[in-house]
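Colleague: File data-v6.csv follows (CSV, C-alpha atoms):
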```csv
chain,number,residue,atom,x,y,z
A,1450,MET,CA,0.0,0.0,0.0
A,1451,LEU,CA,1.4,3.4,-1.0
A,1452,LYS,CA,1.9,5.8,1.9
A,1453,ILE,CA,0.8,9.4,1.4
A,1454,PRO,CA,3.3,12.0,2.6
A,1455,GLY,CA,2.0,13.9,5.6
A,1456,VAL,CA,2.6,16.9,7.8
A,1457,PHE,CA,3.9,16.8,11.4
A,1458,CYS,CA,2.9,20.1,13.0
A,1459,LEU,CA,4.1,21.4,16.3
A,1460,GLU,CA,2.1,24.5,17.3
A,1461,ALA,CA,2.5,26.9,20.1
A,1462,ASP,CA,-0.1,29.3,21.6
A,1463,TRP,CA,-0.4,32.1,19.1
A,1464,PHE,CA,-2.1,35.0,20.9
A,1465,GLY,CA,-3.2,33.9,24.3
A,1466,LEU,CA,-6.1,31.8,25.7
A,1467,ASP,CA,-8.8,34.3,24.6
A,1468,HIS,CA,-7.7,34.0,20.9
A,1469,PRO,CA,-8.2,30.3,19.9
A,1470,MET,CA,-6.2,30.5,16.7
A,1471,SER,CA,-4.9,27.2,15.4
A,1472,MET,CA,-3.5,25.4,12.3
A,1473,ARG,CA,-6.1,22.7,12.8
A,1474,PRO,CA,-8.7,24.0,10.4
A,1475,VAL,CA,-6.0,24.3,7.7
A,1476,LEU,CA,-4.8,20.8,8.4
A,1477,ASP,CA,-8.3,19.5,8.3
A,1478,LEU,CA,-8.9,21.2,5.0
A,1479,LEU,CA,-5.7,19.7,3.5
A,1480,GLN,CA,-6.7,16.2,4.8
A,1481,SER,CA,-10.3,16.5,3.5
A,1482,SER,CA,-9.3,17.9,0.1
A,1483,ASP,CA,-8.5,15.9,-3.0
A,1484,ALA,CA,-4.9,15.8,-1.8
A,1485,ARG,CA,-5.8,13.9,1.4
A,1486,ILE,CA,-2.8,15.0,3.3
A,1487,PRO,CA,-2.6,13.2,6.6
A,1488,PHE,CA,-1.3,15.1,9.6
A,1489,VAL,CA,-0.2,15.0,13.2
A,1490,LEU,CA,-0.8,18.1,15.3
A,1491,ARG,CA,0.6,18.6,18.8
A,1492,ASP,CA,0.4,21.7,21.0
A,1493,VAL,CA,3.7,22.7,22.5
A,1494,VAL,CA,4.4,25.5,24.9
A,1495,THR,CA,7.8,24.5,26.3
A,1496,ARG,CA,11.2,23.6,25.0
A,1497,ALA,CA,10.9,20.2,26.6
A,1498,GLU,CA,7.7,19.5,24.7
A,1499,ILE,CA,9.3,20.4,21.4
A,1500,GLU,CA,12.3,18.2,22.1
A,1501,PHE,CA,9.9,15.3,23.0
A,1502,TYR,CA,7.9,15.6,19.9
A,1503,LEU,CA,10.9,16.0,17.6
A,1504,ARG,CA,12.2,12.7,19.0
A,1505,ARG,CA,8.8,11.1,18.2
A,1506,TRP,CA,8.9,12.6,14.7
A,1507,PHE,CA,11.9,10.4,14.0
A,1508,GLN,CA,10.2,7.2,15.0
A,1509,VAL,CA,9.5,4.8,12.2
A,1510,ARG,CA,5.7,5.1,12.6
A,1511,TYR,CA,6.0,8.8,11.6
A,1512,ARG,CA,8.4,8.3,8.7
A,1513,ASN,CA,5.7,9.4,6.1
A,1514,PHE,CA,5.0,12.6,8.0
A,1515,ASP,CA,8.0,14.1,6.2
A,1516,VAL,CA,7.1,17.8,6.4
A,1517,LEU,CA,7.8,19.3,9.8
A,1518,TRP,CA,5.6,22.4,10.3
A,1519,MET,CA,6.8,24.5,13.2
A,1520,ALA,CA,3.9,26.9,13.9
A,1521,ILE,CA,5.6,28.9,16.6
A,1522,HIS,CA,6.3,32.6,17.3
A,1523,SER,CA,9.8,33.5,16.5
A,1524,ARG,CA,12.3,36.2,15.8
A,1525,PRO,CA,15.4,35.9,13.5
A,1526,GLY,CA,16.9,32.4,14.1
A,1527,GLU,CA,15.0,31.8,17.3
A,1528,LEU,CA,11.8,30.0,18.2
A,1529,LEU,CA,9.7,31.4,21.1
A,1530,PRO,CA,7.3,28.6,22.0
A,1531,GLY,CA,5.9,29.6,25.4
A,1532,ASP,CA,6.5,32.5,27.7
A,1533,MET,CA,8.8,34.7,25.6
A,1534,ARG,CA,10.2,36.3,28.7
A,1535,VAL,CA,11.9,33.1,29.8
A,1536,PRO,CA,15.2,32.8,28.0
A,1537,SER,CA,15.7,29.1,28.8
A,1538,GLU,CA,12.5,28.2,26.8
A,1539,ARG,CA,13.7,29.8,23.6
A,1540,ILE,CA,15.2,27.6,20.9
A,1541,LYS,CA,18.0,29.1,18.9
A,1542,LEU,CA,18.7,27.9,15.4
A,1543,ASP,CA,22.0,26.4,16.7
A,1544,ASP,CA,20.0,24.4,19.3
A,1545,LEU,CA,17.5,23.2,16.7
A,1546,GLU,CA,20.3,22.3,14.3
A,1547,THR,CA,21.9,20.1,17.0
A,1548,MET,CA,18.5,18.4,17.7
A,1549,LEU,CA,18.0,17.6,14.1
A,1550,ALA,CA,21.6,17.0,13.0
A,1551,GLY,CA,21.9,14.3,10.3
A,1552,ARG,CA,18.3,13.1,10.8
A,1553,CYS,CA,16.2,14.9,8.2
A,1554,GLN,CA,17.0,13.0,5.0
A,1555,GLU,CA,14.1,13.3,2.6
A,1556,ARG,CA,12.3,15.7,5.0
A,1557,ILE,CA,11.3,19.3,4.7
A,1558,LEU,CA,11.2,21.9,7.5
A,1559,HIS,CA,8.7,24.8,7.4
A,1560,PHE,CA,8.6,27.6,10.0
A,1561,SER,CA,5.5,29.8,10.4
A,1562,GLY,CA,6.9,32.3,12.8
A,1563,CYS,CA,7.6,35.9,11.7
A,1564,ARG,CA,11.2,36.6,10.8
A,1565,PHE,CA,12.6,33.2,11.7
A,1566,LEU,CA,14.5,33.0,8.4
A,1567,LYS,CA,15.7,36.6,8.5
A,1568,ILE,CA,19.2,35.2,8.7
A,1569,PRO,CA,22.1,35.1,6.3
A,1570,PRO,CA,21.7,32.7,3.3
A,1571,ALA,CA,25.0,31.1,4.3
A,1572,ARG,CA,23.5,30.2,7.7
A,1573,ILE,CA,20.5,28.6,6.1
A,1574,LYS,CA,22.8,26.6,3.8
A,1575,GLN,CA,24.8,25.4,6.9
A,1576,PHE,CA,21.5,24.4,8.6
A,1577,LEU,CA,20.4,22.4,5.6
A,1578,LYS,CA,23.8,20.7,5.3
A,1579,ARG,CA,24.0,19.8,8.9
A,1580,THR,CA,20.4,18.5,9.3
A,1581,LYS,CA,20.5,16.9,5.8
A,1582,ALA,CA,16.9,18.3,5.2
A,1583,LEU,CA,15.8,18.5,1.6
A,1584,ALA,CA,14.5,22.0,2.1
A,1585,VAL,CA,13.7,24.7,4.6
A,1586,SER,CA,11.1,27.4,4.3
A,1587,GLY,CA,9.6,30.2,6.3
A,1588,PHE,CA,9.3,34.0,6.6
A,1589,SER,CA,11.9,36.7,6.9
A,1590,GLY,CA,9.3,39.4,7.4
A,1591,GLU,CA,6.3,40.1,9.7
A,1592,VAL,CA,3.2,38.4,8.4
A,1593,PRO,CA,-0.5,38.6,9.0
A,1594,TRP,CA,-1.6,35.4,10.6
A,1595,LEU,CA,-4.7,34.5,8.5
A,1596,GLU,CA,-3.2,35.5,5.1
A,1597,ALA,CA,0.1,33.8,5.8
A,1598,THR,CA,-1.6,30.6,6.9
A,1599,ILE,CA,-3.7,30.4,3.7
A,1600,PHE,CA,-0.5,31.0,1.8
A,1601,GLU,CA,1.3,28.2,3.7
A,1602,ALA,CA,-1.5,25.8,2.9
A,1603,TYR,CA,-0.8,26.4,-0.8
A,1604,TRP,CA,2.9,25.9,-0.2
A,1605,LEU,CA,2.3,22.6,1.6
A,1606,THR,CA,0.0,21.4,-1.2
A,1607,LEU,CA,2.7,22.1,-3.8
A,1608,LEU,CA,5.2,20.2,-1.7
A,1609,HIS,CA,2.8,17.3,-1.3
A,1610,TYR,CA,2.6,16.7,-5.1
A,1611,GLU,CA,6.3,16.8,-5.7
A,1612,SER,CA,8.8,13.9,-5.1
A,1613,ARG,CA,10.9,13.9,-2.0
A,1614,SER,CA,14.1,14.7,-4.0
A,1615,PRO,CA,16.2,17.8,-4.6
A,1616,ARG,CA,14.6,18.0,-8.1
A,1617,GLY,CA,11.1,17.7,-6.7
A,1618,VAL,CA,11.7,20.4,-4.1
A,1619,ARG,CA,13.3,22.8,-6.6
A,1620,ARG,CA,10.2,22.3,-8.9
A,1621,ALA,CA,7.9,23.2,-6.0
A,1622,ILE,CA,10.0,26.3,-5.2
A,1623,THR,CA,9.8,27.3,-8.9
A,1624,LEU,CA,6.0,26.9,-9.0
A,1625,MET,CA,5.6,28.8,-5.8
A,1626,ARG,CA,7.6,31.8,-7.1
A,1627,ARG,CA,5.8,31.7,-10.4
A,1628,GLU,CA,2.3,31.4,-9.0
A,1629,GLN,CA,2.6,33.3,-5.7
A,1630,GLY,CA,5.5,35.7,-6.5
A,1631,PRO,CA,3.9,38.9,-5.2
A,1632,LEU,CA,3.0,37.3,-1.8
A,1633,CYS,CA,6.4,35.6,-1.6
A,1634,LYS,CA,7.9,39.1,-1.8
A,1635,LYS,CA,5.3,40.7,0.5
A,1636,PHE,CA,5.8,38.1,3.2
A,1637,GLY,CA,9.6,37.7,2.7
A,1638,PHE,CA,9.0,34.0,2.1
A,1639,VAL,CA,12.3,32.1,2.0
A,1640,MET,CA,12.5,28.7,0.3
A,1641,ARG,CA,15.9,27.0,0.2
A,1642,ALA,CA,16.7,23.5,-1.1
A,1643,ARG,CA,19.8,21.6,-0.1
A,1644,ALA,CA,22.4,21.6,-2.8
```
Let me see the file written as structure tokens.
Modeller:
Amino acid sequence: MLKIPGVFCLEADWFGLDHPMSMRPVLDLLQSSDARIPFVLRDVVTRAEIEFYLRRWFQVRYRNFDVLWMAIHSRPGELLPGDMRVPSERIKLDDLETMLAGRCQERILHFSGCRFLKIPPARIKQFLKRTKALAVSGFSGEVPWLEATIFEAYWLTLLHYESRSPRGVRRAITLMRREQGPLCKKFGFVMRARA
């Protein structure tokens, strides 16, 4: 039986308890669409929870959930999953790189947080090389939550239909730039494939 590639989404609290925003409706849409993209969604508010679920992502049973969607507040090169005032809860790109080192073959990493990829291209290249991920994507600018989430659903759909190969990822990137160029520019959307 052919396994359908899926999305493994780790989502932090977006705007507090009185704003129940979530990626779940988008993931439900992707799953109920003609693409039938399966997903795993877990809420994370601490660094320990992120580390726990990243270890789970590497288990054999989740092998087909090859897109990691980190839906977490951020700033350049740093994830802010819970209380942003607590430095020990933040996850720097260096820390994430260490957690994922050498383990992301045939996998794609996508970051929803504003400005996470507002870092030098050489640093992204190093991250790809060290993690062995096929590609990384995310935003270098501030983005409006709803519009960016719809945009991301389109990106995940393009990735879904391409092969998990450098060529397939490059084709998805080309299509995204061609079909969503103005929004890519507006949002500072960064898409990099491993060489």
Colleague: Do you know which residues are at most 12 Å from Glu1500 (chain A) counting only C-alpha atoms, after dropping those on the same chain fewer than 4 positions away, and could you put them as a list in words?
Modeller: Leu1459, Val1493, Val1494, Thr1495, Arg1496, Arg1504, Arg1505, Trp1506, Phe1507, Pro1530, Glu1538, Arg1539, Ile1540, Asp1544, Leu1545, Glu1546, Thr1547, Met1548 and Leu1549 of chain A
Colleague: Which value, in Å to one decimal, gives the distance between CA of Val1475 (chain A) and CA of Gly1630 (chain A)?
Modeller: 21.5 Å
Colleague: Once you count all atoms listed in the file, which residues end up no further than 12 Å from (8.8, 22.6, -5.3) in the file's frame, shown as a PyMOL selection string?
Modeller: chain A and resi 1557+1583-1586+1603-1628+1640-1642
Colleague: Emit the selected residues as a compact mmCIF listing (two decimals), in the coordinates of the input, including C-alpha atoms.
Modeller:
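The resulting file, selection-v5.txt, is reproduced below:
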```txt
# COMPACT_ATOMS: atom_id res chain seq x y z
CA ILE A 1557 11.30 19.30 4.70
CA LEU A 1583 15.80 18.50 1.60
CA ALA A 1584 14.50 22.00 2.10
CA VAL A 1585 13.70 24.70 4.60
CA SER A 1586 11.10 27.40 4.30
CA TYR A 1603 -0.80 26.40 -0.80
CA TRP A 1604 2.90 25.90 -0.20
CA LEU A 1605 2.30 22.60 1.60
CA THR A 1606 0.00 21.40 -1.20
CA LEU A 1607 2.70 22.10 -3.80
CA LEU A 1608 5.20 20.20 -1.70
CA HIS A 1609 2.80 17.30 -1.30
CA TYR A 1610 2.60 16.70 -5.10
CA GLU A 1611 6.30 16.80 -5.70
CA SER A 1612 8.80 13.90 -5.10
CA ARG A 1613 10.90 13.90 -2.00
CA SER A 1614 14.10 14.70 -4.00
CA PRO A 1615 16.20 17.80 -4.60
CA ARG A 1616 14.60 18.00 -8.10
CA GLY A 1617 11.10 17.70 -6.70
CA VAL A 1618 11.70 20.40 -4.10
CA ARG A 1619 13.30 22.80 -6.60
CA ARG A 1620 10.20 22.30 -8.90
CA ALA A 1621 7.90 23.20 -6.00
CA ILE A 1622 10.00 26.30 -5.20
CA THR A 1623 9.80 27.30 -8.90
CA LEU A 1624 6.00 26.90 -9.00
CA MET A 1625 5.60 28.80 -5.80
CA ARG A 1626 7.60 31.80 -7.10
CA ARG A 1627 5.80 31.70 -10.40
CA GLU A 1628 2.30 31.40 -9.00
CA MET A 1640 12.50 28.70 0.30
CA ARG A 1641 15.90 27.00 0.20
CA ALA A 1642 16.70 23.50 -1.10
```
Colleague: Kindly indicate which residue among A:Ile1453, A:Val1592, A:Ala1461, A:Met1472 lies nearest to Pro1487 (chain A), using all atoms listed in the file for the distances.
Modeller: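 When distances to Pro1487 (chain A) are compared using all atoms listed in the file, the smallest one comes from A:Ile1453.
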Colleague: If I take CA of Val1516 (chain A) and CA of Phe1457 (chain A), how far is one from the other in Å, to one decimal?
Modeller: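 CA of Val1516 (chain A) sits 6.0 Å away from CA of Phe1457 (chain A).
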Colleague: Go through A:Arg1643, A:Arg1510, A:Arg1572, A:Arg1485 and flag the residue nearest Asp1543 (chain A), using all atoms listed in the file for the distances.
Modeller: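 Closest candidate: A:Arg1572.
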Colleague: Hey, can you check how far CA of Ala1484 (chain A) sits from CA of Leu1503 (chain A)?
Modeller: 25.0 Å
Colleague: Can you pull out the residues contacting Arg1473 (chain A)? Cut-off 9 Å, using only C-alpha atoms, and skip same-chain residues under 4 positions away; I want them as a list in words.
Modeller: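 Non-adjacent residues within range: Asp1477, Leu1478 and Leu1490 of chain A.
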Colleague: Measuring atom to atom with all atoms listed in the file, identify which of A:Lys1541, A:Cys1458, A:Pro1536, A:Asn1513 is nearest to His1559 (chain A).
Modeller: A:Cys1458
Colleague: Have a look at A:Asp1515, A:Glu1555, A:Glu1527, A:Asp1532 and name the one nearest to Val1456 (chain A); count all atoms listed in the file.
Modeller: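 The answer is A:Asp1515, which sits nearest to Val1456 (chain A).
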Colleague: Restricting the calculation to all atoms listed in the file, which member of A:Phe1638, A:Ala1571, A:Leu1632, A:Trp1463 is positioned closest to Met1533 (chain A)?
Modeller: A:Trp1463
Colleague: Tell me which of A:Tyr1511, A:Pro1454, A:Ile1486, A:Leu1577 sits closest to Gly1551 (chain A), counting all atoms listed in the file.
Modeller: A:Leu1577
Colleague: Extract region 1493-1527 of chain A from the coordinates I pasted, and write it as a PDB file, in the first residue's frame (atoms kept: N, CA and C atoms).
Modeller:
```pdb
ATOM      1  N   VAL A1493       2.483  22.653  21.702  1.00  0.00           N
ATOM      2  CA  VAL A1493       3.728  22.714  22.468  1.00  0.00           C
ATOM      3  C   VAL A1493       3.865  24.117  23.068  1.00  0.00           C
ATOM      4  N   VAL A1494       4.198  24.171  24.326  1.00  0.00           N
ATOM      5  CA  VAL A1494       4.419  25.483  24.945  1.00  0.00           C
ATOM      6  C   VAL A1494       5.745  25.555  25.685  1.00  0.00           C
ATOM      7  N   THR A1495       6.491  24.460  25.676  1.00  0.00           N
ATOM      8  CA  THR A1495       7.791  24.473  26.338  1.00  0.00           C
ATOM      9  C   THR A1495       8.841  23.870  25.409  1.00  0.00           C
ATOM     10  N   ARG A1496      10.048  24.214  25.690  1.00  0.00           N
ATOM     11  CA  ARG A1496      11.179  23.636  24.951  1.00  0.00           C
ATOM     12  C   ARG A1496      11.193  22.120  25.110  1.00  0.00           C
ATOM     13  N   ALA A1497      10.927  21.633  26.315  1.00  0.00           N
ATOM     14  CA  ALA A1497      10.931  20.192  26.577  1.00  0.00           C
ATOM     15  C   ALA A1497       9.895  19.473  25.718  1.00  0.00           C
ATOM     16  N   GLU A1498       8.716  20.077  25.542  1.00  0.00           N
ATOM     17  CA  GLU A1498       7.690  19.453  24.698  1.00  0.00           C
ATOM     18  C   GLU A1498       8.142  19.396  23.245  1.00  0.00           C
ATOM     19  N   ILE A1499       8.772  20.437  22.768  1.00  0.00           N
ATOM     20  CA  ILE A1499       9.277  20.434  21.391  1.00  0.00           C
ATOM     21  C   ILE A1499      10.325  19.337  21.222  1.00  0.00           C
ATOM     22  N   GLU A1500      11.254  19.253  22.157  1.00  0.00           N
ATOM     23  CA  GLU A1500      12.280  18.215  22.087  1.00  0.00           C
ATOM     24  C   GLU A1500      11.654  16.821  22.104  1.00  0.00           C
ATOM     25  N   PHE A1501      10.638  16.630  22.950  1.00  0.00           N
ATOM     26  CA  PHE A1501       9.950  15.344  23.043  1.00  0.00           C
ATOM     27  C   PHE A1501       9.307  14.969  21.705  1.00  0.00           C
ATOM     28  N   TYR A1502       8.570  15.901  21.110  1.00  0.00           N
ATOM     29  CA  TYR A1502       7.870  15.588  19.866  1.00  0.00           C
ATOM     30  C   TYR A1502       8.817  15.487  18.670  1.00  0.00           C
ATOM     31  N   LEU A1503       9.925  16.181  18.707  1.00  0.00           N
ATOM     32  CA  LEU A1503      10.911  15.994  17.636  1.00  0.00           C
ATOM     33  C   LEU A1503      11.478  14.577  17.691  1.00  0.00           C
ATOM     34  N   ARG A1504      11.716  14.065  18.888  1.00  0.00           N
ATOM     35  CA  ARG A1504      12.178  12.672  19.005  1.00  0.00           C
ATOM     36  C   ARG A1504      11.114  11.710  18.466  1.00  0.00           C
ATOM     37  N   ARG A1505       9.856  11.981  18.742  1.00  0.00           N
ATOM     38  CA  ARG A1505       8.761  11.146  18.223  1.00  0.00           C
ATOM     39  C   ARG A1505       8.708  11.212  16.702  1.00  0.00           C
ATOM     40  N   TRP A1506       8.951  12.398  16.135  1.00  0.00           N
ATOM     41  CA  TRP A1506       8.889  12.573  14.677  1.00  0.00           C
ATOM     42  C   TRP A1506       9.855  11.629  13.969  1.00  0.00           C
ATOM     43  N   PHE A1507      10.952  11.296  14.615  1.00  0.00           N
ATOM     44  CA  PHE A1507      11.936  10.421  14.003  1.00  0.00           C
ATOM     45  C   PHE A1507      11.614   8.934  14.173  1.00  0.00           C
ATOM     46  N   GLN A1508      10.564   8.598  14.885  1.00  0.00           N
ATOM     47  CA  GLN A1508      10.184   7.199  15.017  1.00  0.00           C
ATOM     48  C   GLN A1508       9.669   6.672  13.677  1.00  0.00           C
ATOM     49  N   VAL A1509       9.864   5.386  13.456  1.00  0.00           N
ATOM     50  CA  VAL A1509       9.485   4.759  12.192  1.00  0.00           C
ATOM     51  C   VAL A1509       8.011   5.001  11.863  1.00  0.00           C
ATOM     52  N   ARG A1510       7.148   4.962  12.844  1.00  0.00           N
ATOM     53  CA  ARG A1510       5.711   5.105  12.580  1.00  0.00           C
ATOM     54  C   ARG A1510       5.345   6.466  11.994  1.00  0.00           C
ATOM     55  N   TYR A1511       6.224   7.474  12.138  1.00  0.00           N
ATOM     56  CA  TYR A1511       5.950   8.816  11.595  1.00  0.00           C
ATOM     57  C   TYR A1511       6.815   9.140  10.379  1.00  0.00           C
ATOM     58  N   ARG A1512       7.451   8.124   9.817  1.00  0.00           N
ATOM     59  CA  ARG A1512       8.357   8.330   8.690  1.00  0.00           C
ATOM     60  C   ARG A1512       7.681   9.053   7.524  1.00  0.00           C
ATOM     61  N   ASN A1513       6.415   8.762   7.271  1.00  0.00           N
ATOM     62  CA  ASN A1513       5.730   9.378   6.134  1.00  0.00           C
ATOM     63  C   ASN A1513       5.246  10.804   6.413  1.00  0.00           C
ATOM     64  N   PHE A1514       5.324  11.247   7.638  1.00  0.00           N
ATOM     65  CA  PHE A1514       4.992  12.640   7.964  1.00  0.00           C
ATOM     66  C   PHE A1514       6.277  13.446   7.789  1.00  0.00           C
ATOM     67  N   ASP A1515       6.645  13.633   6.533  1.00  0.00           N
ATOM     68  CA  ASP A1515       7.983  14.121   6.211  1.00  0.00           C
ATOM     69  C   ASP A1515       8.113  15.638   6.121  1.00  0.00           C
ATOM     70  N   VAL A1516       7.016  16.348   6.337  1.00  0.00           N
ATOM     71  CA  VAL A1516       7.092  17.810   6.430  1.00  0.00           C
ATOM     72  C   VAL A1516       6.887  18.187   7.892  1.00  0.00           C
ATOM     73  N   LEU A1517       7.877  18.813   8.471  1.00  0.00           N
ATOM     74  CA  LEU A1517       7.760  19.332   9.838  1.00  0.00           C
ATOM     75  C   LEU A1517       7.328  20.776   9.741  1.00  0.00           C
ATOM     76  N   TRP A1518       6.152  21.082  10.300  1.00  0.00           N
ATOM     77  CA  TRP A1518       5.614  22.443  10.282  1.00  0.00           C
ATOM     78  C   TRP A1518       5.714  22.979  11.707  1.00  0.00           C
ATOM     79  N   MET A1519       6.629  23.911  11.917  1.00  0.00           N
ATOM     80  CA  MET A1519       6.825  24.526  13.227  1.00  0.00           C
ATOM     81  C   MET A1519       6.020  25.824  13.272  1.00  0.00           C
ATOM     82  N   ALA A1520       4.827  25.752  13.810  1.00  0.00           N
ATOM     83  CA  ALA A1520       3.918  26.890  13.889  1.00  0.00           C
ATOM     84  C   ALA A1520       4.098  27.554  15.259  1.00  0.00           C
ATOM     85  N   ILE A1521       5.159  28.335  15.355  1.00  0.00           N
ATOM     86  CA  ILE A1521       5.606  28.875  16.640  1.00  0.00           C
ATOM     87  C   ILE A1521       6.099  30.306  16.439  1.00  0.00           C
ATOM     88  N   HIS A1522       5.727  31.195  17.367  1.00  0.00           N
ATOM     89  CA  HIS A1522       6.266  32.559  17.324  1.00  0.00           C
ATOM     90  C   HIS A1522       7.787  32.510  17.239  1.00  0.00           C
ATOM     91  N   SER A1523       8.340  33.502  16.578  1.00  0.00           N
ATOM     92  CA  SER A1523       9.799  33.516  16.468  1.00  0.00           C
ATOM     93  C   SER A1523      10.317  34.920  16.220  1.00  0.00           C
ATOM     94  N   ARG A1524      11.614  34.994  16.254  1.00  0.00           N
ATOM     95  CA  ARG A1524      12.347  36.164  15.785  1.00  0.00           C
ATOM     96  C   ARG A1524      13.539  35.622  15.016  1.00  0.00           C
ATOM     97  N   PRO A1525      14.354  36.434  14.398  1.00  0.00           N
ATOM     98  CA  PRO A1525      15.404  35.894  13.542  1.00  0.00           C
ATOM     99  C   PRO A1525      16.239  34.780  14.211  1.00  0.00           C
ATOM    100  N   GLY A1526      16.130  33.569  13.636  1.00  0.00           N
ATOM    101  CA  GLY A1526      16.918  32.445  14.113  1.00  0.00           C
ATOM    102  C   GLY A1526      16.584  31.939  15.500  1.00  0.00           C
ATOM    103  N   GLU A1527      15.357  32.220  15.984  1.00  0.00           N
ATOM    104  CA  GLU A1527      15.015  31.806  17.346  1.00  0.00           C
ATOM    105  C   GLU A1527      13.515  31.537  17.465  1.00  0.00           C
TER     106      GLU A1527
END
```
